[in-house]
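Structure data (mmCIF, C-alpha atoms) from final.cif:
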data_upload
#
loop_
_atom_site.label_atom_id
_atom_site.label_comp_id
_atom_site.auth_asym_id
_atom_site.auth_seq_id
_atom_site.Cartn_x
_atom_site.Cartn_y
_atom_site.Cartn_z
CA MET A 1 -30.59 53.31 14.04
CA LYS A 2 -31.94 50.05 12.62
CA LYS A 3 -29.16 49.94 10.05
CA PHE A 4 -26.64 50.36 12.85
CA LYS A 5 -28.18 47.50 14.84
CA ILE A 6 -28.30 45.25 11.75
CA GLY A 7 -24.66 46.01 10.99
CA LYS A 8 -23.68 45.29 14.59
CA PHE A 9 -25.62 42.02 14.49
CA PHE A 10 -23.77 40.81 11.38
CA LEU A 11 -20.46 41.92 12.87
CA TYR A 12 -21.09 39.85 16.00
CA LEU A 13 -22.28 36.95 13.88
CA PHE A 14 -19.11 37.11 11.80
CA LEU A 15 -16.92 37.19 14.93
CA ILE A 16 -18.82 34.22 16.41
CA VAL A 17 -18.28 32.21 13.22
CA LEU A 18 -14.55 33.04 13.26
CA SER A 19 -14.34 31.98 16.90
CA LEU A 20 -16.05 28.67 16.18
CA LEU A 21 -13.73 28.03 13.23
CA SER A 22 -10.74 28.70 15.49
CA VAL A 23 -11.97 26.27 18.15
CA LEU A 24 -13.09 23.60 15.66
CA PRO A 25 -9.65 21.96 15.02
CA PHE A 26 -9.03 21.59 18.75
CA LEU A 27 -12.49 20.15 19.31
CA ILE A 28 -11.93 17.57 16.56
CA MET A 29 -8.54 16.71 18.04
CA PHE A 30 -9.92 16.08 21.54
CA VAL A 31 -12.87 14.08 20.19
CA ASN A 32 -10.61 11.91 18.01
CA ALA A 33 -8.44 11.23 21.06
CA THR A 34 -11.41 9.25 22.45
CA ARG A 35 -12.11 7.28 19.24
CA SER A 36 -10.66 4.07 17.85
CA THR A 37 -8.62 3.75 14.67
CA PRO A 38 -11.46 2.13 12.66
CA GLU A 39 -13.85 4.90 13.72
CA ILE A 40 -11.39 7.58 12.61
CA GLN A 41 -10.73 5.83 9.30
CA GLN A 42 -14.43 5.45 8.58
CA GLN A 43 -15.41 8.95 9.68
CA ALA A 44 -12.55 11.40 10.20
CA LEU A 45 -14.83 14.28 11.22
CA SER A 46 -16.96 13.75 14.32
CA PHE A 47 -18.11 15.87 17.23
CA ILE A 48 -19.32 12.99 19.41
CA PRO A 49 -16.75 11.51 21.85
CA SER A 50 -16.29 7.77 21.88
CA THR A 51 -15.26 5.30 24.58
CA TYR A 52 -11.72 4.35 23.51
CA LEU A 53 -9.79 6.92 25.54
CA VAL A 54 -8.36 4.31 27.93
CA ASN A 55 -7.40 1.99 25.06
CA ASN A 56 -5.71 4.87 23.25
CA TRP A 57 -3.78 5.68 26.40
CA ARG A 58 -2.59 2.06 26.61
CA HIS A 59 -1.45 2.12 22.98
CA LEU A 60 0.22 5.46 23.61
CA MET A 61 2.31 4.17 26.50
CA VAL A 62 3.68 1.24 24.50
CA GLY A 63 7.05 2.01 22.94
CA ALA A 64 9.11 5.19 23.06
CA PHE A 65 6.31 7.56 24.06
CA ASN A 66 6.77 8.81 27.61
CA PRO A 67 4.65 11.92 28.27
CA PHE A 68 6.30 12.67 31.60
CA VAL A 69 9.80 12.77 30.11
CA GLY A 70 8.50 14.60 27.04
CA PHE A 71 6.74 17.24 29.12
CA GLN A 72 9.82 17.74 31.27
CA ASN A 73 12.18 18.12 28.30
CA SER A 74 9.81 20.38 26.37
CA PHE A 75 9.21 22.54 29.44
CA ILE A 76 12.94 22.97 30.14
CA ILE A 77 13.64 24.00 26.55
CA SER A 78 10.56 26.20 26.13
CA ALA A 79 10.81 27.94 29.49
CA GLY A 80 14.54 28.54 29.14
CA ALA A 81 14.26 29.89 25.60
CA THR A 82 11.27 32.07 26.50
CA ILE A 83 12.95 33.66 29.53
CA LEU A 84 16.19 34.37 27.67
CA ALA A 85 14.47 35.70 24.54
CA VAL A 86 12.04 37.95 26.38
CA TYR A 87 14.53 39.39 28.87
CA PHE A 88 17.53 40.00 26.62
CA SER A 89 15.42 41.18 23.69
CA SER A 90 13.75 43.69 26.01
CA LEU A 91 17.16 44.77 27.28
CA THR A 92 18.40 45.24 23.71
CA ALA A 93 15.29 47.21 22.76
CA TYR A 94 15.73 49.38 25.84
CA GLY A 95 19.31 50.12 24.83
CA ILE A 96 18.17 51.18 21.37
CA VAL A 97 15.37 53.43 22.65
CA ALA A 98 16.86 54.92 25.82
CA TYR A 99 20.37 55.69 24.56
CA ASP A 100 21.49 57.98 21.76
CA TRP A 101 24.68 56.62 20.24
CA LYS A 102 26.34 56.94 16.87
CA PHE A 103 25.62 53.55 15.28
CA LYS A 104 22.16 53.01 16.80
CA ASN A 105 20.29 53.12 13.49
CA ALA A 106 22.89 50.95 11.76
CA PHE A 107 22.66 48.41 14.58
CA PHE A 108 18.89 48.28 14.32
CA SER A 109 19.13 47.88 10.53
CA LEU A 110 21.49 44.94 11.08
CA ILE A 111 18.92 43.33 13.37
CA MET A 112 16.23 43.77 10.71
CA THR A 113 18.53 42.25 8.09
CA ILE A 114 19.11 39.18 10.26
CA LEU A 115 15.35 38.93 10.76
CA MET A 116 14.86 38.52 6.99
CA ILE A 117 17.33 35.60 6.75
CA PRO A 118 15.62 32.18 7.11
CA GLY A 119 17.08 30.21 9.98
CA THR A 120 16.85 26.89 8.12
CA ILE A 121 19.60 27.85 5.67
CA ALA A 122 22.16 27.70 8.51
CA ILE A 123 20.94 24.47 10.08
CA ILE A 124 23.67 22.27 8.53
CA GLY A 125 26.49 24.54 9.66
CA PHE A 126 24.86 24.93 13.08
CA PHE A 127 24.61 21.16 13.52
CA GLN A 128 28.22 20.63 12.45
CA PHE A 129 29.38 23.30 14.89
CA MET A 130 27.39 21.78 17.76
CA TRP A 131 28.75 18.34 16.89
CA GLN A 132 32.35 19.57 16.93
CA ILE A 133 32.02 21.15 20.37
CA GLY A 134 30.07 18.19 21.77
CA LEU A 135 26.67 19.82 22.26
CA ASN A 136 24.68 17.77 19.77
CA ASN A 137 22.84 15.87 22.55
CA SER A 138 22.22 18.82 24.82
CA PHE A 139 19.48 21.35 25.49
CA ILE A 140 21.97 24.24 25.35
CA PRO A 141 21.80 24.74 21.53
CA LEU A 142 18.00 24.85 21.79
CA ILE A 143 17.94 27.40 24.62
CA VAL A 144 20.92 29.76 24.48
CA PRO A 145 20.49 31.01 20.85
CA ALA A 146 17.12 32.44 21.92
CA ILE A 147 19.10 35.33 23.45
CA ALA A 148 19.38 36.74 19.91
CA SER A 149 15.76 37.04 18.73
CA PRO A 150 15.51 39.82 16.11
CA GLY A 151 11.72 39.63 15.81
CA VAL A 152 11.26 40.05 19.57
CA VAL A 153 13.74 42.96 19.62
CA PHE A 154 11.74 44.70 16.90
CA PHE A 155 8.45 44.21 18.74
CA MET A 156 9.87 45.41 22.07
CA ARG A 157 11.45 48.47 20.45
CA GLN A 158 8.16 49.49 18.88
CA TYR A 159 6.38 49.00 22.19
CA LEU A 160 8.92 51.01 24.18
CA GLN A 161 8.84 53.86 21.70
CA ALA A 162 5.10 54.18 22.32
CA THR A 163 5.02 53.67 26.10
CA LEU A 164 8.38 54.49 27.69
CA SER A 165 8.87 57.97 29.12
CA LEU A 166 12.52 58.93 28.88
CA GLU A 167 11.91 61.61 31.52
CA MET A 168 11.12 58.80 33.97
CA VAL A 169 14.40 57.11 33.11
CA GLU A 170 16.31 60.37 33.58
CA ALA A 171 14.62 60.92 36.94
CA ALA A 172 15.67 57.44 38.07
CA ARG A 173 19.26 58.16 37.04
CA ILE A 174 19.25 61.43 38.96
CA ASP A 175 18.01 59.57 42.04
CA GLY A 176 21.06 57.30 41.76
CA SER A 177 19.46 54.23 40.26
CA GLY A 178 21.81 52.05 38.22
CA GLU A 179 21.01 51.18 34.62
CA PHE A 180 20.12 47.55 35.32
CA ALA A 181 18.10 48.53 38.39
CA THR A 182 16.19 51.07 36.28
CA PHE A 183 15.52 48.49 33.62
CA ASN A 184 14.45 45.74 36.04
CA LYS A 185 12.35 47.86 38.40
CA ILE A 186 10.89 50.53 36.11
CA VAL A 187 11.04 49.48 32.47
CA LEU A 188 10.09 45.79 32.78
CA PRO A 189 6.86 46.46 34.73
CA ILE A 190 5.82 48.90 31.99
CA MET A 191 6.42 46.20 29.40
CA LYS A 192 4.27 43.51 31.02
CA PRO A 193 1.70 43.33 28.17
CA ALA A 194 4.46 43.11 25.55
CA LEU A 195 6.37 40.55 27.61
CA ALA A 196 3.27 38.39 27.99
CA THR A 197 2.46 38.59 24.28
CA GLN A 198 5.93 37.60 23.17
CA ALA A 199 6.20 34.94 25.89
CA ILE A 200 3.12 33.22 24.47
CA PHE A 201 4.45 33.31 20.91
CA ILE A 202 7.92 32.09 21.88
CA MET A 203 6.58 29.41 24.20
CA VAL A 204 4.22 28.06 21.54
CA GLY A 205 6.86 28.18 18.80
CA THR A 206 9.54 26.51 20.93
CA TRP A 207 7.16 23.90 22.36
CA ASN A 208 5.97 22.87 18.88
CA GLN A 209 9.44 22.92 17.33
CA LEU A 210 10.24 19.57 15.73
CA PHE A 211 12.95 19.91 13.09
CA LEU A 212 15.85 21.35 15.14
CA PRO A 213 15.36 19.10 18.21
CA LEU A 214 15.01 16.12 15.89
CA VAL A 215 18.35 16.99 14.29
CA LEU A 216 20.22 17.69 17.53
CA LEU A 217 18.73 15.17 19.97
CA SER A 218 19.36 11.52 19.17
CA ARG A 219 19.04 10.15 22.71
CA GLN A 220 15.56 8.96 23.54
CA GLN A 221 15.65 10.34 27.09
CA LEU A 222 16.13 13.84 25.66
CA TRP A 223 13.22 13.76 23.21
CA THR A 224 10.59 16.48 23.40
CA MET A 225 6.84 15.95 23.06
CA PRO A 226 6.69 16.73 19.30
CA ILE A 227 9.45 14.18 18.63
CA MET A 228 7.64 11.52 20.66
CA VAL A 229 4.37 12.20 18.84
CA ALA A 230 6.18 11.98 15.51
CA GLN A 231 7.50 8.55 16.50
CA LEU A 232 3.92 7.29 16.88
CA GLN A 233 3.55 7.29 13.11
CA GLY A 234 4.17 3.70 12.07
CA ASN A 235 3.27 2.09 8.77
CA ILE A 236 -0.29 2.05 7.43
CA TYR A 237 -1.01 -1.30 9.11
CA ARG A 238 0.21 -0.46 12.61
CA THR A 239 -0.51 3.20 13.24
CA GLU A 240 -3.04 3.73 16.00
CA PHE A 241 -4.62 7.00 14.96
CA GLY A 242 -6.54 7.37 18.20
CA ALA A 243 -3.27 7.20 20.13
CA VAL A 244 -1.71 9.73 17.75
CA TRP A 245 -4.58 12.15 18.32
CA LEU A 246 -4.30 11.61 22.08
CA GLY A 247 -0.57 12.39 21.92
CA LEU A 248 -1.31 15.59 20.01
CA ALA A 249 -3.94 16.54 22.57
CA LEU A 250 -1.49 16.04 25.42
CA THR A 251 1.07 18.15 23.55
CA VAL A 252 -1.17 21.21 23.25
CA LEU A 253 -2.65 21.13 26.76
CA PRO A 254 0.26 23.09 28.37
CA LEU A 255 -0.13 25.78 25.71
CA PHE A 256 -3.72 26.36 26.80
CA VAL A 257 -2.49 26.75 30.37
CA VAL A 258 0.18 29.27 29.36
CA TYR A 259 -2.30 31.29 27.35
CA ALA A 260 -4.83 31.27 30.19
CA LEU A 261 -2.20 32.59 32.62
CA LEU A 262 -0.89 35.36 30.34
CA SER A 263 -3.96 36.41 28.37
CA LYS A 264 -5.00 39.00 30.97
CA TYR A 265 -1.78 40.93 30.34
CA ILE A 266 -2.49 40.99 26.61
CA ILE A 267 -5.98 42.36 27.26
CA ALA A 268 -4.47 44.94 29.59
CA GLY A 269 -2.01 45.94 26.87
CA VAL A 270 -4.82 46.41 24.36
CA ALA A 271 -6.70 48.57 26.87
CA LEU A 272 -3.56 50.59 27.58
CA GLY A 273 -2.98 51.15 23.89
CA GLY A 274 -6.51 52.47 23.51
CA VAL A 275 -5.97 55.26 26.07
CA LYS A 276 -4.82 58.51 24.53
CA GLU A 277 -3.10 61.18 26.54
#
Would you encode the structure as structure tokens?
Amino acid sequence: MKKFKIGKFFLYLFLIVLSLLSVLPFLIMFVNATRSTPEIQQQALSFIPSTYLVNNWRHLMVGAFNPFVGFQNSFIISAGATILAVYFSSLTAYGIVAYDWKFKNAFFSLIMTILMIPGTIAIIGFFQFMWQIGLNNSFIPLIVPAIASPGVVFFMRQYLQATLSLEMVEAARIDGSGEFATFNKIVLPIMKPALATQAIFIMVGTWNQLFLPLVLLSRQQLWTMPIMVAQLQGNIYRTEFGAVWLGLALTVLPLFVVYALLSKYIIAGVALGGVKE
């Protein structure tokens, strides 16, 4: 009994240490957002907030940085890409699981093959194509391609295979429910934990994306938050590191909100997965 309690104590201690290590970078970021550039240069690691938050905000608002425009642009892109990726990937996964057709396995293998191909190798051709059709300064190339998300399709397929009852789908068909009505009213509610999990991952990945928006968006009024933060980096004599840290802090704040809103569905999914029939 004592050995069990000692083992449990060290397990909890280990988990507490991991939690603190996970929170530590964010704590340093928020503290540095209140410090001046000389303070950061003299002591990069500090857990005591300073009094330069207002000055950092003033430095931040000088130049191309506009958090209101950046938040708006980032939200449009992230929300649009998340909704399209989650819905259509779930619909594709449902088609693979609920239907028995000849090339189903070959189609799924094709999706897995695409998943293994790095997206960066096609960036030049993608940019040239967008330039030729006049979409280089548009949010469309950053939103619409999210419809085809192989990783999300794989995750949703695995989830549906474990949770979806095909007898329920057949009963809905017998009652006269259409395929899209069955998917929207029966299948999607079952997938809430999976939808929330993937929504968080897609939202975070799209919100933090820098390279592709930097390539496609040359107009300042279309810049996202990561692009605006990247523009804060001047030369070694002019960079205000406090303002840079404040910009980074503002960038991650919406991600905390998204996680707080969707985390309960993830916890519910874990609890559901732990119940055995």
Could you expand the PyMOL selection byres ((chain A and resi 74) around 10) into the explicit residues it covers here, written as a VMD selection string? chain A and resid 68 to 73 75 to 80 139 203 206 to 209 213 222 to 227 251
Pick out the residues sitting within 9 Å of range 52-64 of chain A, and hand them over as a list of chain:residue names; count all atoms listed in the file, and ignore anything fewer than 2 positions along from it in its own chain.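 So, after excluding close chain neighbours, the residues are A:Ala33, A:Thr34, A:Arg35, A:Ser36, A:Pro49, A:Ser50, A:Asn66, A:Pro67, A:Gln220, A:Met228, A:Gln231, A:Leu232, A:Glu240, A:Phe241, A:Gly242, A:Ala243, A:Val244, A:Trp245, A:Leu246, A:Gly247.
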When you count only C-alpha atoms, which of these residues is closest to Val187 in chain A: A:Ala122, A:Val204, A:Leu164, A:Leu13? A:Leu164
Expansion of the PyMOL selection byres ((chain A and resi 44) around 12) into residues, as a compact mmCIF listing (two decimals) with C-alpha atoms, in the coordinates of the input:
# COMPACT_ATOMS: atom_id res chain seq x y z
CA PRO A 25 -9.65 21.96 15.02
CA ILE A 28 -11.93 17.57 16.56
CA MET A 29 -8.54 16.71 18.04
CA VAL A 31 -12.87 14.08 20.19
CA ASN A 32 -10.61 11.91 18.01
CA ALA A 33 -8.44 11.23 21.06
CA ARG A 35 -12.11 7.28 19.24
CA SER A 36 -10.66 4.07 17.85
CA THR A 37 -8.62 3.75 14.67
CA PRO A 38 -11.46 2.13 12.66
CA GLU A 39 -13.85 4.90 13.72
CA ILE A 40 -11.39 7.58 12.61
CA GLN A 41 -10.73 5.83 9.30
CA GLN A 42 -14.43 5.45 8.58
CA GLN A 43 -15.41 8.95 9.68
CA LEU A 45 -14.83 14.28 11.22
CA SER A 46 -16.96 13.75 14.32
CA PHE A 47 -18.11 15.87 17.23
CA ILE A 48 -19.32 12.99 19.41
CA PHE A 241 -4.62 7.00 14.96
CA GLY A 242 -6.54 7.37 18.20
CA TRP A 245 -4.58 12.15 18.32
For Gln128 in chain A, the nearest of the candidates A:Phe14, A:Pro141, A:Ala162, A:Leu21, counting all atoms listed in the file: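 Closest to Gln128 in chain A of all the choices is A:Pro141.
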